[in-house]
Amino acid sequence: MNQIPAIIRVFAYLSLLTVGGGMAAFPEMKVLTVDVHKWVTFQQLIHLYSVGQMAPGPNMMMIVAIGQWAGGMLGAVAALIAFFGPTAVLAFVVARGWKKLEKWPWRTSIQQGLAPVSIGLLLAGCFTMAKGAISDVETAAIAVGVLLILMRYKINPALLVLGGAVIGVISFMPK
Amino acid sequence: MSETGAKRALERAADAATASGGKASASAEVSIGQIFLEFLIIGATSFGGVVPYLRGSLVTKRHWIDDKEFVEMLSISQSLPGLNATNMAILVGEKLHGAKGSIAALIGICLPGAVLMYIVGMFYRVHGDHVWVTAALKGVAAAAVGLILSTVMGLSKTSLAGKFDFVFMALTVIAVNQLHLGVPRTLVVVGILAILFHRPRKDEKKGATL
């Protein structure tokens, strides 16, 4: 069955929800890619997202992997264009217009108002993911450990995610 | 001081040239190839978050934009849908070389990660159920949760002002996770409430520019 139109629809829609960061769209992404279209399982979605945090560049490139699973090479390209196209056009238009709006008093209001909402969306996405990713004392300890280390020290987060892999192999391998 | 002044004037001249639609004088302009290459390098090396790499490359190394512009573009990027990394690529590309600059920057910053995740996706599809992969990914996913939480903490410190912002943040989380309103409806409802709360007041006429 040809999944390309569905891939384009889903990822173009998701792209418009990524206010504040990719995680903001995660709850919707779970519903659409897992429950509705069944392209991936919830565990697979969590795994792909997490592995994606170790890749360089924009941190939602895991959508390429989902597109590839759902529709092959063409699916991957479709997901990529659908996910980055609409917001790119929007940013471009705003880049042209924003300077002219400098004197518009609501400009500051919009920025100030969207800040708490976008942070809330990130947090909501984080909780959605935690439901699948934090399943026992060990996983909770890893998450809290990473949080504390990042709050305390300037260290590259990708290294900590990689460290999670090492701890995972040590703690969760069946004996 | 005078040096930056001169640079600004030069940039303004370049902007004006681009805006007037003519082929701008090549001397002041950054070429499409240079833009693509620089963003490709950022896209291939920015492990653990793009923003510091963008700053290091565009502000410190290339002097394509100054620090003030960088912060302003970043705040625009954060208010818009889209990832910071790609929105910044569009904004900087547009400033340097119009629409073509935006496209070059966007493709450059996306390409390395996209190719990598394509390969990772195929690998995971075949080997994803091996015991050691499952064990490693369990740890990776838990670490990623910690990472997102730290991003949330960092952003809260820099961009939340006052108690009410925490209320709006909490409302957003409750609407998505407890009431299952969905992200779009939450964004519209709580977003409008928060924007109205931060509406322009008469007494602070010359609104503090962020």
# chains A, B, ... in the order shown; residues from 1 in each chain; ligands from 1
$ closest_atom_pairs --of "range 100-165 of chain A" --to "range 16-27 of chain A" --cutoff "8 Å" --atoms "only C-alpha atoms" --output "tab-separated table"
residue	atom	partner	partner_atom	distance
A:Ala115	CA	A:Gly20	CA	7.8
A:Ser118	CA	A:Gly20	CA	4.8
A:Ile119	CA	A:Gly20	CA	6.6
A:Leu121	CA	A:Ala24	CA	4.7
A:Leu122	CA	A:Ala24	CA	4.6
A:Leu123	CA	A:Ala24	CA	7.8
A:Ala124	CA	A:Ala24	CA	7.2
A:Gly125	CA	A:Phe26	CA	5.2
A:Cys126	CA	A:Met23	CA	6.9
A:Thr128	CA	A:Pro27	CA	6.1
A:Met129	CA	A:Phe26	CA	7.7
$ write_last_selection --atoms "C-alpha atoms" --output "PDB file, in the first residue's frame"
ATOM      1  CA  ALA A 115       7.740  31.063  26.100  1.00  0.00           C
ATOM      2  CA  SER A 118       6.483  26.103  24.514  1.00  0.00           C
ATOM      3  CA  ILE A 119       8.371  25.015  27.633  1.00  0.00           C
ATOM      4  CA  LEU A 121       4.873  21.485  25.543  1.00  0.00           C
ATOM      5  CA  LEU A 122       8.453  20.226  25.866  1.00  0.00           C
ATOM      6  CA  LEU A 123       7.708  19.034  29.381  1.00  0.00           C
ATOM      7  CA  ALA A 124       4.481  17.333  28.259  1.00  0.00           C
ATOM      8  CA  GLY A 125       6.418  15.565  25.501  1.00  0.00           C
ATOM      9  CA  CYS A 126       9.015  14.540  28.039  1.00  0.00           C
ATOM     10  CA  THR A 128       4.784  11.156  27.397  1.00  0.00           C
ATOM     11  CA  MET A 129       8.154   9.686  26.571  1.00  0.00           C
TER      12      MET A 129
END
$ closest_residue --among "A:Pro58, A:Gly97, A:Gly72, A:Gly52" --to "Leu137 in chain B" --atoms "only C-alpha atoms"
A:Gly52
$ residues_around --residues "Phe84 in chain A" --least-positions-apart "6" --cutoff "8 Å" --atoms "only C-alpha atoms" --output "VMD selection string"
(chain A and resid 12 15) or (chain B and resid 82 86)
$ write_last_selection --atoms "N, CA and C atoms" --output "short mmCIF file (atom, residue, chain, number, x, y, z; two decimals), in the first residue's frame"
data_model
loop_
_atom_site.label_atom_id
_atom_site.label_comp_id
_atom_site.auth_asym_id
_atom_site.auth_seq_id
_atom_site.Cartn_x
_atom_site.Cartn_y
_atom_site.Cartn_z
N ALA A 12 3.98 16.84 7.88
CA ALA A 12 3.74 18.27 7.67
C ALA A 12 2.93 18.82 8.85
N SER A 15 5.12 18.99 11.99
CA SER A 15 6.12 20.06 11.94
C SER A 15 5.57 21.37 12.51
N GLY B 82 8.93 24.78 14.40
CA GLY B 82 10.18 24.39 13.74
C GLY B 82 11.30 24.30 14.75
N THR B 86 16.97 24.39 12.43
CA THR B 86 16.56 24.67 11.05
C THR B 86 16.04 26.09 10.90
#
$ closest_residue --among "B:Thr60, B:Thr158, B:Ser46, B:Thr134" --to "chain A" --atoms "only C-alpha atoms"
B:Ser46
$ closest_residue --among "B:Ser77, B:Thr172, B:Ser150, B:Asn177" --to "Ala88 in chain A" --atoms "only C-alpha atoms"
B:Ser77
$ residues_around --residues "range 138-144 of chain A" --least-positions-apart "3" --cutoff "8 Å" --atoms "only C-alpha atoms" --output "MDAnalysis selection string"
(chainID A and resid 133:135 147:148 164 171) or (chainID B and resid 138:139 142:147)
$ atom_distance --atom1 "CA of Pro86 in chain A" --atom2 "CA of Ile107 in chain B"
14.2 Å
$ select_by_dssp --residues "range 44-74 of chain B" --states "alpha helix (DSSP H)" --output "list of chain:residue names"
B:Ala44, B:Thr45, B:Val51, B:Pro52, B:Tyr53, B:Leu54, B:Asp67, B:Lys68, B:Glu69, B:Phe70, B:Val71, B:Glu72, B:Met73, B:Leu74
$ write_last_selection --atoms "N, CA and C atoms" --output "PDB file, in the first residue's frame"
ATOM      1  N   ALA B  44      27.283  18.251  10.481  1.00  0.00           N
ATOM      2  CA  ALA B  44      28.025  17.002  10.643  1.00  0.00           C
ATOM      3  C   ALA B  44      28.759  16.915  11.978  1.00  0.00           C
ATOM      4  N   THR B  45      28.953  18.052  12.642  1.00  0.00           N
ATOM      5  CA  THR B  45      29.780  18.036  13.851  1.00  0.00           C
ATOM      6  C   THR B  45      29.039  18.407  15.130  1.00  0.00           C
ATOM      7  N   VAL B  51      22.897  24.746  18.876  1.00  0.00           N
ATOM      8  CA  VAL B  51      23.029  26.188  19.116  1.00  0.00           C
ATOM      9  C   VAL B  51      24.464  26.660  19.403  1.00  0.00           C
ATOM     10  N   PRO B  52      25.183  25.989  20.331  1.00  0.00           N
ATOM     11  CA  PRO B  52      26.560  26.459  20.574  1.00  0.00           C
ATOM     12  C   PRO B  52      27.444  26.377  19.326  1.00  0.00           C
ATOM     13  N   TYR B  53      27.232  25.361  18.510  1.00  0.00           N
ATOM     14  CA  TYR B  53      28.023  25.210  17.283  1.00  0.00           C
ATOM     15  C   TYR B  53      27.695  26.321  16.287  1.00  0.00           C
ATOM     16  N   LEU B  54      26.409  26.675  16.208  1.00  0.00           N
ATOM     17  CA  LEU B  54      25.998  27.767  15.315  1.00  0.00           C
ATOM     18  C   LEU B  54      26.699  29.060  15.708  1.00  0.00           C
ATOM     19  N   ASP B  67      26.843  39.076  17.700  1.00  0.00           N
ATOM     20  CA  ASP B  67      26.217  38.393  18.828  1.00  0.00           C
ATOM     21  C   ASP B  67      24.778  38.842  19.063  1.00  0.00           C
ATOM     22  N   LYS B  68      24.547  40.147  18.876  1.00  0.00           N
ATOM     23  CA  LYS B  68      23.215  40.684  19.121  1.00  0.00           C
ATOM     24  C   LYS B  68      22.217  40.094  18.120  1.00  0.00           C
ATOM     25  N   GLU B  69      22.638  40.068  16.852  1.00  0.00           N
ATOM     26  CA  GLU B  69      21.775  39.472  15.828  1.00  0.00           C
ATOM     27  C   GLU B  69      21.503  38.000  16.137  1.00  0.00           C
ATOM     28  N   PHE B  70      22.556  37.305  16.598  1.00  0.00           N
ATOM     29  CA  PHE B  70      22.422  35.882  16.900  1.00  0.00           C
ATOM     30  C   PHE B  70      21.339  35.656  17.948  1.00  0.00           C
ATOM     31  N   VAL B  71      21.414  36.429  19.039  1.00  0.00           N
ATOM     32  CA  VAL B  71      20.448  36.274  20.125  1.00  0.00           C
ATOM     33  C   VAL B  71      19.041  36.609  19.636  1.00  0.00           C
ATOM     34  N   GLU B  72      18.942  37.654  18.821  1.00  0.00           N
ATOM     35  CA  GLU B  72      17.627  38.049  18.322  1.00  0.00           C
ATOM     36  C   GLU B  72      17.036  36.966  17.416  1.00  0.00           C
ATOM     37  N   MET B  73      17.881  36.452  16.500  1.00  0.00           N
ATOM     38  CA  MET B  73      17.406  35.390  15.605  1.00  0.00           C
ATOM     39  C   MET B  73      17.010  34.147  16.396  1.00  0.00           C
ATOM     40  N   LEU B  74      17.757  33.869  17.459  1.00  0.00           N
ATOM     41  CA  LEU B  74      17.450  32.694  18.278  1.00  0.00           C
ATOM     42  C   LEU B  74      16.101  32.859  18.971  1.00  0.00           C
TER      43      LEU B  74
END
$ closest_residue --among "A:Ile155, A:Arg9, A:Pro56, A:Ile4" --to "chain B" --atoms "only C-alpha atoms"
A:Pro56
$ residues_around --residues "Gly120 in chain A" --least-positions-apart "4" --cutoff "8 Å" --atoms "only C-alpha atoms" --output "MDAnalysis selection string"
(chainID A and resid 116 124) or (chainID B and resid 168:173)
$ atom_distance --atom1 "CA of Val152 in chain B" --atom2 "CA of Arg185 in chain B"
21.3 Å
$ closest_residue --among "A:Val89, A:Gly57, A:Gln68, A:Ile81" --to "Phe11 in chain A" --atoms "only C-alpha atoms"
A:Ile81
$ closest_residue --among "B:Phe39, B:Phe164, B:Tyr124, B:Tyr118" --to "Met62 in chain A" --atoms "only C-alpha atoms"
B:Tyr118
$ residues_around --residues "Thr33 in chain A" --least-positions-apart "2" --cutoff "12 Å" --atoms "only C-alpha atoms" --output "ChimeraX atom specification"
/A:3,6-7,9-11,14,25-31,35-46,63,65-67,69-70,79
$ residues_around --residues "Ser31 in chain B" --least-positions-apart "3" --cutoff "9 Å" --atoms "only C-alpha atoms" --output "list in words"
Ala26, Gln34, Ile35, Phe36, Leu96, His97 and Gly101 of chain B
$ atom_distance --atom1 "CA of Ala158 in chain A" --atom2 "CA of Ser79 in chain B"
25.0 Å
$ decode --residues "range 117-167 of chain B" --atoms "N, CA and C atoms" --output "mmCIF file, in the first residue's frame"
data_model
loop_
_atom_site.group_PDB
_atom_site.id
_atom_site.type_symbol
_atom_site.label_atom_id
_atom_site.label_comp_id
_atom_site.auth_asym_id
_atom_site.auth_seq_id
_atom_site.Cartn_x
_atom_site.Cartn_y
_atom_site.Cartn_z
ATOM 1 N N MET B 117 20.792 9.002 10.214
ATOM 2 C CA MET B 117 19.612 8.368 10.809
ATOM 3 C C MET B 117 18.949 7.390 9.847
ATOM 4 N N TYR B 118 19.133 7.597 8.552
ATOM 5 C CA TYR B 118 18.637 6.634 7.559
ATOM 6 C C TYR B 118 19.349 5.296 7.757
ATOM 7 N N ILE B 119 20.662 5.377 7.913
ATOM 8 C CA ILE B 119 21.460 4.164 8.108
ATOM 9 C C ILE B 119 21.141 3.518 9.464
ATOM 10 N N VAL B 120 21.062 4.374 10.501
ATOM 11 C CA VAL B 120 20.739 3.859 11.836
ATOM 12 C C VAL B 120 19.374 3.171 11.825
ATOM 13 N N GLY B 121 18.396 3.780 11.123
ATOM 14 C CA GLY B 121 17.058 3.206 11.041
ATOM 15 C C GLY B 121 17.077 1.817 10.421
ATOM 16 N N MET B 122 17.863 1.661 9.365
ATOM 17 C CA MET B 122 17.946 0.353 8.707
ATOM 18 C C MET B 122 18.616 -0.675 9.614
ATOM 19 N N PHE B 123 19.674 -0.219 10.302
ATOM 20 C CA PHE B 123 20.386 -1.105 11.224
ATOM 21 C C PHE B 123 19.451 -1.554 12.356
ATOM 22 N N TYR B 124 18.719 -0.565 12.893
ATOM 23 C CA TYR B 124 17.831 -0.850 14.032
ATOM 24 C C TYR B 124 16.712 -1.808 13.615
ATOM 25 N N ARG B 125 16.259 -1.662 12.379
ATOM 26 C CA ARG B 125 15.179 -2.510 11.895
ATOM 27 C C ARG B 125 15.621 -3.984 11.885
ATOM 28 N N VAL B 126 16.893 -4.186 11.536
ATOM 29 C CA VAL B 126 17.396 -5.560 11.444
ATOM 30 C C VAL B 126 17.841 -6.087 12.810
ATOM 31 N N HIS B 127 18.532 -5.227 13.572
ATOM 32 C CA HIS B 127 19.158 -5.711 14.812
ATOM 33 C C HIS B 127 18.488 -5.196 16.079
ATOM 34 N N GLY B 128 17.368 -4.489 15.938
ATOM 35 C CA GLY B 128 16.731 -3.819 17.080
ATOM 36 C C GLY B 128 16.301 -4.753 18.190
ATOM 37 N N ASP B 129 16.104 -6.050 17.875
ATOM 38 C CA ASP B 129 15.632 -6.941 18.940
ATOM 39 C C ASP B 129 16.740 -7.817 19.527
ATOM 40 N N HIS B 130 17.984 -7.550 19.155
ATOM 41 C CA HIS B 130 19.092 -8.264 19.822
ATOM 42 C C HIS B 130 19.146 -7.834 21.285
ATOM 43 N N VAL B 131 19.506 -8.764 22.158
ATOM 44 C CA VAL B 131 19.454 -8.434 23.593
ATOM 45 C C VAL B 131 20.337 -7.250 23.957
ATOM 46 N N TRP B 132 21.539 -7.206 23.370
ATOM 47 C CA TRP B 132 22.425 -6.110 23.796
ATOM 48 C C TRP B 132 21.967 -4.773 23.239
ATOM 49 N N VAL B 133 21.329 -4.773 22.073
ATOM 50 C CA VAL B 133 20.792 -3.514 21.524
ATOM 51 C C VAL B 133 19.640 -3.023 22.386
ATOM 52 N N THR B 134 18.738 -3.949 22.745
ATOM 53 C CA THR B 134 17.608 -3.589 23.603
ATOM 54 C C THR B 134 18.097 -3.029 24.934
ATOM 55 N N ALA B 135 19.096 -3.685 25.518
ATOM 56 C CA ALA B 135 19.627 -3.240 26.810
ATOM 57 C C ALA B 135 20.241 -1.842 26.688
ATOM 58 N N ALA B 136 21.044 -1.644 25.634
ATOM 59 C CA ALA B 136 21.685 -0.338 25.444
ATOM 60 C C ALA B 136 20.636 0.747 25.228
ATOM 61 N N LEU B 137 19.607 0.445 24.416
ATOM 62 C CA LEU B 137 18.598 1.457 24.098
ATOM 63 C C LEU B 137 17.737 1.813 25.308
ATOM 64 N N LYS B 138 17.562 0.855 26.205
ATOM 65 C CA LYS B 138 16.830 1.152 27.432
ATOM 66 C C LYS B 138 17.574 2.242 28.215
ATOM 67 N N GLY B 139 18.900 2.110 28.270
ATOM 68 C CA GLY B 139 19.708 3.118 28.948
ATOM 69 C C GLY B 139 19.716 4.441 28.203
ATOM 70 N N VAL B 140 19.793 4.354 26.872
ATOM 71 C CA VAL B 140 19.812 5.564 26.035
ATOM 72 C C VAL B 140 18.517 6.356 26.197
ATOM 73 N N ALA B 141 17.379 5.647 26.185
ATOM 74 C CA ALA B 141 16.085 6.324 26.299
ATOM 75 C C ALA B 141 15.952 7.015 27.654
ATOM 76 N N ALA B 142 16.403 6.345 28.716
ATOM 77 C CA ALA B 142 16.334 6.950 30.049
ATOM 78 C C ALA B 142 17.213 8.199 30.110
ATOM 79 N N ALA B 143 18.409 8.109 29.516
ATOM 80 C CA ALA B 143 19.303 9.270 29.496
ATOM 81 C C ALA B 143 18.684 10.416 28.704
ATOM 82 N N ALA B 144 17.992 10.088 27.605
ATOM 83 C CA ALA B 144 17.356 11.133 26.790
ATOM 84 C C ALA B 144 16.279 11.869 27.583
ATOM 85 N N VAL B 145 15.553 11.144 28.440
ATOM 86 C CA VAL B 145 14.552 11.802 29.291
ATOM 87 C C VAL B 145 15.237 12.824 30.206
ATOM 88 N N GLY B 146 16.365 12.419 30.795
ATOM 89 C CA GLY B 146 17.119 13.355 31.641
ATOM 90 C C GLY B 146 17.579 14.576 30.864
ATOM 91 N N LEU B 147 17.992 14.331 29.621
ATOM 92 C CA LEU B 147 18.458 15.428 28.766
ATOM 93 C C LEU B 147 17.340 16.433 28.465
ATOM 94 N N ILE B 148 16.147 15.925 28.136
ATOM 95 C CA ILE B 148 15.032 16.842 27.847
ATOM 96 C C ILE B 148 14.680 17.636 29.107
ATOM 97 N N LEU B 149 14.675 16.941 30.264
ATOM 98 C CA LEU B 149 14.375 17.651 31.512
ATOM 99 C C LEU B 149 15.365 18.787 31.751
ATOM 100 N N SER B 150 16.641 18.530 31.443
ATOM 101 C CA SER B 150 17.630 19.589 31.671
ATOM 102 C C SER B 150 17.414 20.751 30.699
ATOM 103 N N THR B 151 16.973 20.439 29.466
ATOM 104 C CA THR B 151 16.629 21.509 28.523
ATOM 105 C C THR B 151 15.491 22.348 29.070
ATOM 106 N N VAL B 152 14.475 21.668 29.613
ATOM 107 C CA VAL B 152 13.329 22.376 30.188
ATOM 108 C C VAL B 152 13.779 23.269 31.344
ATOM 109 N N MET B 153 14.641 22.738 32.216
ATOM 110 C CA MET B 153 15.133 23.529 33.349
ATOM 111 C C MET B 153 15.901 24.756 32.863
ATOM 112 N N GLY B 154 16.771 24.546 31.884
ATOM 113 C CA GLY B 154 17.574 25.647 31.361
ATOM 114 C C GLY B 154 16.707 26.740 30.761
ATOM 115 N N LEU B 155 15.726 26.328 29.941
ATOM 116 C CA LEU B 155 14.834 27.299 29.309
ATOM 117 C C LEU B 155 14.001 28.022 30.353
ATOM 118 N N SER B 156 13.549 27.303 31.391
ATOM 119 C CA SER B 156 12.736 27.938 32.436
ATOM 120 C C SER B 156 13.517 29.054 33.110
ATOM 121 N N LYS B 157 14.797 28.795 33.363
ATOM 122 C CA LYS B 157 15.621 29.807 34.034
ATOM 123 C C LYS B 157 15.759 31.052 33.181
ATOM 124 N N THR B 158 15.949 30.878 31.864
ATOM 125 C CA THR B 158 16.220 32.044 31.025
ATOM 126 C C THR B 158 14.959 32.731 30.517
ATOM 127 N N SER B 159 13.864 31.978 30.260
ATOM 128 C CA SER B 159 12.737 32.647 29.598
ATOM 129 C C SER B 159 11.443 32.738 30.388
ATOM 130 N N LEU B 160 11.395 32.221 31.604
ATOM 131 C CA LEU B 160 10.164 32.396 32.367
ATOM 132 C C LEU B 160 10.295 33.586 33.301
ATOM 133 N N ALA B 161 9.268 34.471 33.238
ATOM 134 C CA ALA B 161 9.296 35.665 34.076
ATOM 135 C C ALA B 161 8.077 35.658 34.980
ATOM 136 N N GLY B 162 8.290 35.421 36.265
ATOM 137 C CA GLY B 162 7.190 35.541 37.223
ATOM 138 C C GLY B 162 6.386 34.266 37.394
ATOM 139 N N LYS B 163 5.576 34.278 38.482
ATOM 140 C CA LYS B 163 4.772 33.107 38.856
ATOM 141 C C LYS B 163 3.831 32.660 37.761
ATOM 142 N N PHE B 164 3.230 33.647 37.073
ATOM 143 C CA PHE B 164 2.176 33.299 36.136
ATOM 144 C C PHE B 164 2.694 32.486 34.959
ATOM 145 N N ASP B 165 3.956 32.715 34.597
ATOM 146 C CA ASP B 165 4.530 31.912 33.526
ATOM 147 C C ASP B 165 4.592 30.443 33.925
ATOM 148 N N PHE B 166 4.856 30.197 35.222
ATOM 149 C CA PHE B 166 4.869 28.807 35.682
ATOM 150 C C PHE B 166 3.464 28.216 35.644
ATOM 151 N N VAL B 167 2.461 29.081 35.920
ATOM 152 C CA VAL B 167 1.069 28.618 35.832
ATOM 153 C C VAL B 167 0.741 28.232 34.383
#
